[in-house]
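Structure file upload01.csv (CSV, C-alpha atoms) is printed below.
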chain,number,residue,atom,x,y,z
A,1,MET,CA,0.0,0.0,0.0
A,2,SER,CA,1.4,3.4,-1.0
A,3,GLU,CA,1.9,5.8,1.8
A,4,LYS,CA,1.2,8.7,-0.6
A,5,LYS,CA,-1.4,10.9,0.9
A,6,GLN,CA,-4.5,11.4,-1.0
A,7,GLU,CA,-7.1,14.1,-0.7
A,8,ILE,CA,-10.4,13.1,0.9
A,9,LEU,CA,-13.4,14.4,-0.9
A,10,ALA,CA,-15.4,16.7,1.4
A,11,GLU,CA,-18.5,14.6,0.8
A,12,TRP,CA,-16.8,11.4,1.7
A,13,LEU,CA,-15.1,13.0,4.7
A,14,ALA,CA,-18.5,14.0,6.0
A,15,GLU,CA,-19.7,10.5,5.6
A,16,PHE,CA,-16.7,9.0,7.4
A,17,GLU,CA,-17.1,11.3,10.3
A,18,ALA,CA,-20.9,10.7,10.5
A,19,ALA,CA,-20.2,6.9,10.5
A,20,GLU,CA,-17.7,7.3,13.3
A,21,ARG,CA,-20.3,9.0,15.5
A,22,ARG,CA,-22.6,6.0,15.2
A,23,SER,CA,-22.4,3.0,17.4
A,24,LEU,CA,-21.2,-0.2,15.8
A,25,LYS,CA,-24.7,-1.6,16.3
A,26,ASN,CA,-26.2,1.2,14.3
A,27,ARG,CA,-23.4,1.1,11.6
A,28,LEU,CA,-24.3,-2.6,11.0
A,29,ARG,CA,-28.0,-1.9,11.0
A,30,TYR,CA,-27.6,0.6,8.2
A,31,ALA,CA,-24.9,-1.4,6.3
A,32,PHE,CA,-26.5,-4.8,5.6
A,33,ILE,CA,-29.3,-5.0,3.0
A,34,LYS,CA,-30.9,-7.9,1.3
A,35,THR,CA,-31.8,-7.9,-2.3
A,36,TYR,CA,-32.2,-10.9,-4.5
A,37,LYS,CA,-29.1,-11.6,-6.7
A,38,PRO,CA,-30.1,-13.8,-9.6
A,39,VAL,CA,-28.2,-17.1,-10.0
A,40,MET,CA,-26.0,-16.2,-7.0
A,41,ASP,CA,-28.9,-16.6,-4.6
A,42,ASP,CA,-30.4,-19.7,-6.2
A,43,ALA,CA,-28.3,-22.3,-4.5
A,44,GLU,CA,-27.9,-23.0,-0.8
A,45,PHE,CA,-24.3,-24.1,-0.9
A,46,ARG,CA,-21.4,-23.7,-3.3
A,47,ALA,CA,-17.7,-24.6,-2.8
A,48,PHE,CA,-14.8,-23.9,-5.1
A,49,ASP,CA,-11.4,-25.5,-5.0
A,50,THR,CA,-9.7,-22.3,-6.0
A,51,MET,CA,-10.5,-18.6,-6.1
A,52,ALA,CA,-9.7,-18.7,-9.8
A,53,GLU,CA,-12.4,-21.3,-10.3
A,54,TYR,CA,-14.8,-19.2,-8.3
A,55,ARG,CA,-14.0,-16.0,-10.3
A,56,ARG,CA,-14.5,-18.0,-13.6
A,57,TRP,CA,-17.8,-19.4,-12.4
A,58,CYS,CA,-19.0,-15.8,-11.6
A,59,GLU,CA,-18.0,-14.6,-15.1
A,60,GLU,CA,-19.7,-17.5,-16.8
A,61,ASN,CA,-22.9,-17.7,-14.8
A,62,LEU,CA,-23.8,-14.4,-13.3
A,63,PRO,CA,-25.4,-11.5,-15.1
A,64,ARG,CA,-22.8,-9.0,-16.0
A,65,TRP,CA,-24.6,-6.1,-14.3
A,66,LEU,CA,-24.0,-7.7,-10.9
A,67,GLY,CA,-20.3,-6.6,-11.3
A,68,TYR,CA,-18.6,-9.9,-10.4
A,69,ALA,CA,-16.7,-10.0,-13.7
A,70,ARG,CA,-13.0,-9.2,-13.6
A,71,VAL,CA,-11.9,-6.0,-15.3
B,1,MET,CA,-34.0,-14.2,4.0
B,2,ARG,CA,-33.6,-11.0,6.1
B,3,ALA,CA,-30.6,-8.8,6.1
B,4,PHE,CA,-27.7,-9.6,8.4
B,5,GLU,CA,-28.0,-8.0,11.8
B,6,TYR,CA,-25.7,-6.9,14.6
B,7,ARG,CA,-27.1,-9.7,16.8
B,8,GLN,CA,-26.0,-12.2,14.2
B,9,ALA,CA,-22.5,-10.7,14.0
B,10,GLU,CA,-22.4,-11.2,17.8
B,11,GLU,CA,-23.6,-14.8,17.4
B,12,ILE,CA,-20.8,-15.5,14.9
B,13,ARG,CA,-18.3,-13.9,17.3
B,14,GLU,CA,-19.5,-15.9,20.3
B,15,ALA,CA,-19.9,-19.3,18.5
B,16,LEU,CA,-16.5,-19.1,16.7
B,17,LYS,CA,-14.9,-18.0,20.0
B,18,ARG,CA,-16.4,-21.0,21.8
B,19,HIS,CA,-14.8,-23.3,19.3
B,20,ASN,CA,-11.5,-21.4,19.1
B,21,VAL,CA,-11.9,-20.8,15.4
B,22,ARG,CA,-9.2,-18.5,13.9
B,23,TYR,CA,-10.9,-16.2,11.4
B,24,LEU,CA,-11.1,-12.5,10.4
B,25,PHE,CA,-13.9,-10.4,8.9
B,26,ILE,CA,-12.8,-9.4,5.4
B,27,GLY,CA,-14.3,-7.7,2.4
B,28,LYS,CA,-16.8,-4.9,2.7
B,29,SER,CA,-18.3,-6.4,5.9
B,30,GLY,CA,-14.8,-6.1,7.4
B,31,ALA,CA,-14.4,-2.5,6.2
B,32,ILE,CA,-17.8,-1.7,7.7
B,33,LEU,CA,-16.8,-3.0,11.1
B,34,LEU,CA,-13.8,-0.7,10.8
B,35,GLY,CA,-16.1,2.2,10.3
B,36,PHE,CA,-16.5,2.4,6.5
B,37,PRO,CA,-20.0,3.7,5.7
B,38,ASP,CA,-21.3,1.5,2.9
B,39,THR,CA,-23.8,-1.3,2.2
B,40,THR,CA,-23.3,-5.0,1.6
B,41,GLN,CA,-25.4,-8.1,1.5
B,42,ASP,CA,-23.5,-10.7,3.5
B,43,ALA,CA,-20.6,-11.3,5.8
B,44,ASP,CA,-17.2,-12.5,4.6
B,45,LEU,CA,-14.9,-14.5,6.8
B,46,PHE,CA,-11.3,-15.2,6.1
B,47,VAL,CA,-10.6,-18.5,7.8
B,48,ASP,CA,-7.3,-20.1,8.7
B,49,ARG,CA,-7.4,-23.3,6.6
B,50,SER,CA,-5.7,-25.7,9.0
B,51,ALA,CA,-7.7,-29.0,9.3
B,52,GLU,CA,-8.3,-28.5,13.0
B,53,ASN,CA,-9.6,-25.0,12.5
B,54,ALA,CA,-11.9,-26.1,9.7
B,55,ARG,CA,-13.4,-28.8,11.9
B,56,ALA,CA,-14.0,-26.3,14.6
B,57,LEU,CA,-15.6,-24.0,12.1
B,58,VAL,CA,-18.0,-26.7,11.0
B,59,ALA,CA,-19.0,-27.3,14.6
B,60,ALA,CA,-19.6,-23.6,15.1
B,61,LEU,CA,-21.6,-23.3,11.9
B,62,GLY,CA,-23.8,-26.1,13.2
B,63,GLU,CA,-24.5,-24.2,16.4
B,64,LEU,CA,-25.3,-21.1,14.4
B,65,GLY,CA,-28.0,-22.9,12.6
B,66,PHE,CA,-26.4,-23.7,9.2
B,67,GLY,CA,-27.8,-27.0,8.0
B,68,LEU,CA,-24.7,-28.6,6.5
B,69,THR,CA,-24.9,-32.0,5.1
B,70,ASP,CA,-22.1,-34.4,5.7
B,71,LYS,CA,-20.8,-33.8,2.2
B,72,GLN,CA,-20.9,-30.0,2.6
B,73,ALA,CA,-19.1,-30.2,6.0
B,74,SER,CA,-16.4,-32.4,4.5
B,75,GLU,CA,-16.0,-29.9,1.6
B,76,ILE,CA,-15.4,-27.1,4.2
B,77,GLU,CA,-13.0,-29.4,6.1
B,78,SER,CA,-11.1,-30.5,2.9
B,79,GLY,CA,-9.7,-27.1,2.2
B,80,LYS,CA,-11.7,-25.4,-0.5
B,81,ASP,CA,-10.6,-21.8,-1.3
B,82,PHE,CA,-14.1,-20.4,-1.3
B,83,VAL,CA,-17.4,-21.6,0.2
B,84,GLN,CA,-20.7,-19.8,-0.1
B,85,LEU,CA,-23.4,-20.6,2.5
B,86,LYS,CA,-27.0,-19.7,2.0
B,87,ASN,CA,-28.4,-22.5,4.1
B,88,GLY,CA,-28.5,-20.9,7.4
B,89,PRO,CA,-30.0,-17.9,9.3
B,90,PHE,CA,-27.9,-15.5,7.2
B,91,ASP,CA,-25.7,-15.6,4.1
B,92,LEU,CA,-22.0,-16.2,4.8
B,93,ASP,CA,-19.0,-16.4,2.5
B,94,LEU,CA,-16.0,-18.4,3.8
B,95,VAL,CA,-12.8,-17.4,2.1
B,96,PHE,CA,-9.8,-19.6,2.8
B,97,ALA,CA,-7.4,-18.1,0.3
B,98,PRO,CA,-8.4,-14.5,-0.5
B,99,ASP,CA,-6.8,-12.9,-3.6
B,100,GLY,CA,-3.9,-10.5,-2.6
B,101,ILE,CA,-3.1,-12.0,0.8
B,102,GLU,CA,-0.3,-14.6,0.9
B,103,ARG,CA,-0.9,-16.2,4.3
B,104,PHE,CA,-3.5,-16.1,7.0
B,105,GLU,CA,-0.8,-15.7,9.6
B,106,ASP,CA,0.3,-12.4,8.1
B,107,ALA,CA,-3.3,-11.0,8.1
B,108,TRP,CA,-3.8,-12.3,11.6
B,109,ASN,CA,-0.7,-10.4,12.8
B,110,ARG,CA,-2.1,-7.2,11.3
B,111,ARG,CA,-5.6,-7.7,12.5
B,112,VAL,CA,-7.7,-5.1,14.2
B,113,GLU,CA,-10.1,-5.9,17.1
B,114,VAL,CA,-13.4,-3.9,17.0
B,115,GLU,CA,-15.5,-4.7,20.0
B,116,ASP,CA,-13.9,-8.1,20.1
B,117,PHE,CA,-14.6,-8.7,16.4
B,118,PRO,CA,-11.4,-9.8,14.7
B,119,VAL,CA,-11.1,-7.8,11.4
B,120,CYS,CA,-8.5,-7.7,8.7
B,121,HIS,CA,-6.4,-4.5,8.5
B,122,ILE,CA,-7.8,-2.0,6.0
B,123,ASP,CA,-4.6,-2.5,3.9
B,124,ASP,CA,-5.4,-6.3,3.6
B,125,ILE,CA,-9.0,-5.6,2.7
B,126,ILE,CA,-7.9,-3.2,0.0
B,127,ALA,CA,-5.2,-5.6,-1.2
B,128,SER,CA,-7.7,-8.4,-1.7
B,129,LYS,CA,-10.1,-6.1,-3.6
B,130,GLU,CA,-7.3,-4.8,-5.8
B,131,ALA,CA,-6.2,-8.4,-6.6
B,132,ALA,CA,-9.7,-9.6,-7.3
B,133,ASN,CA,-10.1,-6.7,-9.7
B,134,ARG,CA,-13.8,-7.1,-10.3
B,135,GLU,CA,-16.0,-4.4,-11.7
B,136,ARG,CA,-17.7,-3.9,-8.4
B,137,ASP,CA,-14.3,-3.6,-6.7
B,138,ARG,CA,-13.1,-1.0,-9.2
B,139,GLU,CA,-16.2,1.0,-8.4
B,140,SER,CA,-15.7,0.9,-4.6
B,141,LEU,CA,-11.9,1.1,-4.3
B,142,PRO,CA,-11.5,4.9,-4.6
B,143,ARG,CA,-13.8,5.6,-1.7
B,144,LEU,CA,-12.3,2.7,0.3
B,145,ARG,CA,-8.8,4.1,-0.3
B,146,SER,CA,-10.0,7.5,0.9
B,147,PHE,CA,-11.5,5.8,4.0
B,148,ARG,CA,-8.1,4.2,4.6
B,149,GLU,CA,-6.5,7.7,4.7
B,150,TYR,CA,-9.1,8.8,7.2
B,151,TRP,CA,-8.8,5.7,9.3
B,152,MET,CA,-5.0,5.8,9.4
B,153,GLN,CA,-5.0,9.5,10.4
B,154,LYS,CA,-7.4,8.7,13.2
B,155,ARG,CA,-5.1,5.9,14.5
B,156,THR,CA,-1.9,7.9,14.3
B,157,PRO,CA,-1.2,9.5,17.7

Please go through the file and, once you have read it, give me the structure as structure tokens.
Amino acid sequence: MSEKKQEILAEWLAEFEAAERRSLKNRLRYAFIKTYKPVMDDAEFRAFDTMAEYRRWCEENLPRWLGYARV
Amino acid sequence: MRAFEYRQAEEIREALKRHNVRYLFIGKSGAILLGFPDTTQDADLFVDRSAENARALVAALGELGFGLTDKQASEIESGKDFVQLKNGPFDLDLVFAPDGIERFEDAWNRRVEVEDFPVCHIDDIIASKEAANRERDRESLPRLRSFREYWMQKRTP
């Protein structure tokens, strides 16, 4: 990780500071959402021997708009 | 399936502690525990892949209410790199070999404890997302890197 300082956008800084003021319990309450992800949510259990295999499965099976494809 | 709740995070922490499972929150759920304001769908755990640890994890998952078949349990114990669970009270991703992190031990030594939750250091969370290099990671990384700046400044005396 580069130690080079980067400017924090004012909008993001305000969000980071607001989050810091919340309790962990509240942060988690706001953070976790549940929406149906096609294909991904259609099996109760999946296991992959390697991460490469998992990434490949995502690219070959999930809708592109879910964002799991590698750049 | 309802969204993951704080109470469930506590249940994970307590069940895995009872079974002495070595694990770390990673991914966006880990970043959120560190204070990153964002949304996610499930919790991601980076788990030490030793056989003993994997057996302890399976026992803890049973206590948490995951209905693992013998075959599924043996797949977790046999050292898969990635396991996705949607057969319990909440969705859980088990990552045994995250992209961008060489060894569990290294991440463990850099871990951060947040209210007793063991969490990957922000640098490891960013490294894993950079290495995965998915479209969704590319979108979230600039804000996550900014959060890292903020978080590091807060931790520097």

Please report as an MDAnalysis selection string which residues of chain A come no farther than 6 Å from chain B, using only C-alpha atoms. chainID A and resid 8 19 25 28 31:34 44:51 67:71

Find the residues around Gly27 (chain B) up to 9 Å (all atoms listed in the file counted), leave out those fewer than 2 positions away in its own chain, and share them as a list in words. Phe25, Ser29, Gly30, Ala31, Ile32, Ala43, Asp44, Leu45, Phe46, Cys120, Ile125, Ile126, Ser128 and Lys129 of chain B

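From CA of Glu77 (chain B) back to CA of Arg22 (chain B), the distance works out to 13.9 Å.
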
If we count all atoms listed in the file, what is near Ala60 (chain B) at a cut-off of 7 Å, once residues fewer than 6 positions away on the same chain are taken out, given as a compact mmCIF listing (two decimals) with C-alpha atoms, in the coordinates of the input?
# COMPACT_ATOMS: atom_id res chain seq x y z
CA ALA B 15 -19.90 -19.30 18.50
CA LEU B 16 -16.50 -19.10 16.70
CA HIS B 19 -14.80 -23.30 19.30

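You will find CA of Ala73 (chain B) at 10.7 Å from CA of Ala56 (chain B).
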
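One distance worth recording is that between CA of Ala107 (chain B) and CA of Asp48 (chain B), which is 10.0 Å.
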
May I have the centre and edge lengths, in Å to one decimal, of an axis-aligned box around the listed atoms of region 30-48 of chain A with 4 Å added to every side, as AutoDock Vina command-line options?
--center_x -23.5 --center_y -12.0 --center_z -0.9 --size_x 25.4 --size_y 33.2 --size_z 26.2

Save region 57-70 of chain A from what I just supplied, as a PDB file, in the first residue's frame, atoms limited to N, CA and C atoms.
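Result file is decode01.pdb:
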ATOM      1  N   TRP A  57     -16.407 -19.025 -12.487  1.00  0.00           N
ATOM      2  CA  TRP A  57     -17.834 -19.380 -12.377  1.00  0.00           C
ATOM      3  C   TRP A  57     -18.679 -18.105 -12.383  1.00  0.00           C
ATOM      4  N   CYS A  58     -18.252 -17.103 -11.643  1.00  0.00           N
ATOM      5  CA  CYS A  58     -19.007 -15.834 -11.601  1.00  0.00           C
ATOM      6  C   CYS A  58     -19.127 -15.241 -12.996  1.00  0.00           C
ATOM      7  N   GLU A  59     -18.033 -15.247 -13.728  1.00  0.00           N
ATOM      8  CA  GLU A  59     -18.047 -14.631 -15.064  1.00  0.00           C
ATOM      9  C   GLU A  59     -18.913 -15.407 -16.043  1.00  0.00           C
ATOM     10  N   GLU A  60     -18.928 -16.712 -15.869  1.00  0.00           N
ATOM     11  CA  GLU A  60     -19.670 -17.532 -16.831  1.00  0.00           C
ATOM     12  C   GLU A  60     -21.151 -17.672 -16.488  1.00  0.00           C
ATOM     13  N   ASN A  61     -21.510 -17.404 -15.247  1.00  0.00           N
ATOM     14  CA  ASN A  61     -22.890 -17.693 -14.826  1.00  0.00           C
ATOM     15  C   ASN A  61     -23.701 -16.501 -14.342  1.00  0.00           C
ATOM     16  N   LEU A  62     -23.043 -15.480 -13.829  1.00  0.00           N
ATOM     17  CA  LEU A  62     -23.808 -14.364 -13.256  1.00  0.00           C
ATOM     18  C   LEU A  62     -24.072 -13.300 -14.315  1.00  0.00           C
ATOM     19  N   PRO A  63     -25.202 -12.618 -14.184  1.00  0.00           N
ATOM     20  CA  PRO A  63     -25.446 -11.487 -15.089  1.00  0.00           C
ATOM     21  C   PRO A  63     -24.335 -10.447 -14.930  1.00  0.00           C
ATOM     22  N   ARG A  64     -23.902  -9.896 -16.033  1.00  0.00           N
ATOM     23  CA  ARG A  64     -22.775  -8.956 -16.016  1.00  0.00           C
ATOM     24  C   ARG A  64     -23.030  -7.765 -15.084  1.00  0.00           C
ATOM     25  N   TRP A  65     -24.296  -7.339 -15.034  1.00  0.00           N
ATOM     26  CA  TRP A  65     -24.600  -6.135 -14.252  1.00  0.00           C
ATOM     27  C   TRP A  65     -24.386  -6.306 -12.746  1.00  0.00           C
ATOM     28  N   LEU A  66     -24.245  -7.534 -12.293  1.00  0.00           N
ATOM     29  CA  LEU A  66     -23.966  -7.718 -10.865  1.00  0.00           C
ATOM     30  C   LEU A  66     -22.557  -7.258 -10.503  1.00  0.00           C
ATOM     31  N   GLY A  67     -21.683  -7.164 -11.506  1.00  0.00           N
ATOM     32  CA  GLY A  67     -20.348  -6.596 -11.268  1.00  0.00           C
ATOM     33  C   GLY A  67     -19.297  -7.563 -10.804  1.00  0.00           C
ATOM     34  N   TYR A  68     -19.553  -8.876 -10.929  1.00  0.00           N
ATOM     35  CA  TYR A  68     -18.575  -9.862 -10.441  1.00  0.00           C
ATOM     36  C   TYR A  68     -17.509 -10.212 -11.474  1.00  0.00           C
ATOM     37  N   ALA A  69     -17.655  -9.694 -12.689  1.00  0.00           N
ATOM     38  CA  ALA A  69     -16.652 -10.007 -13.730  1.00  0.00           C
ATOM     39  C   ALA A  69     -15.368  -9.237 -13.439  1.00  0.00           C
ATOM     40  N   ARG A  70     -14.232  -9.883 -13.762  1.00  0.00           N
ATOM     41  CA  ARG A  70     -12.970  -9.186 -13.598  1.00  0.00           C
ATOM     42  C   ARG A  70     -12.799  -8.125 -14.686  1.00  0.00           C
TER      43      ARG A  70
END
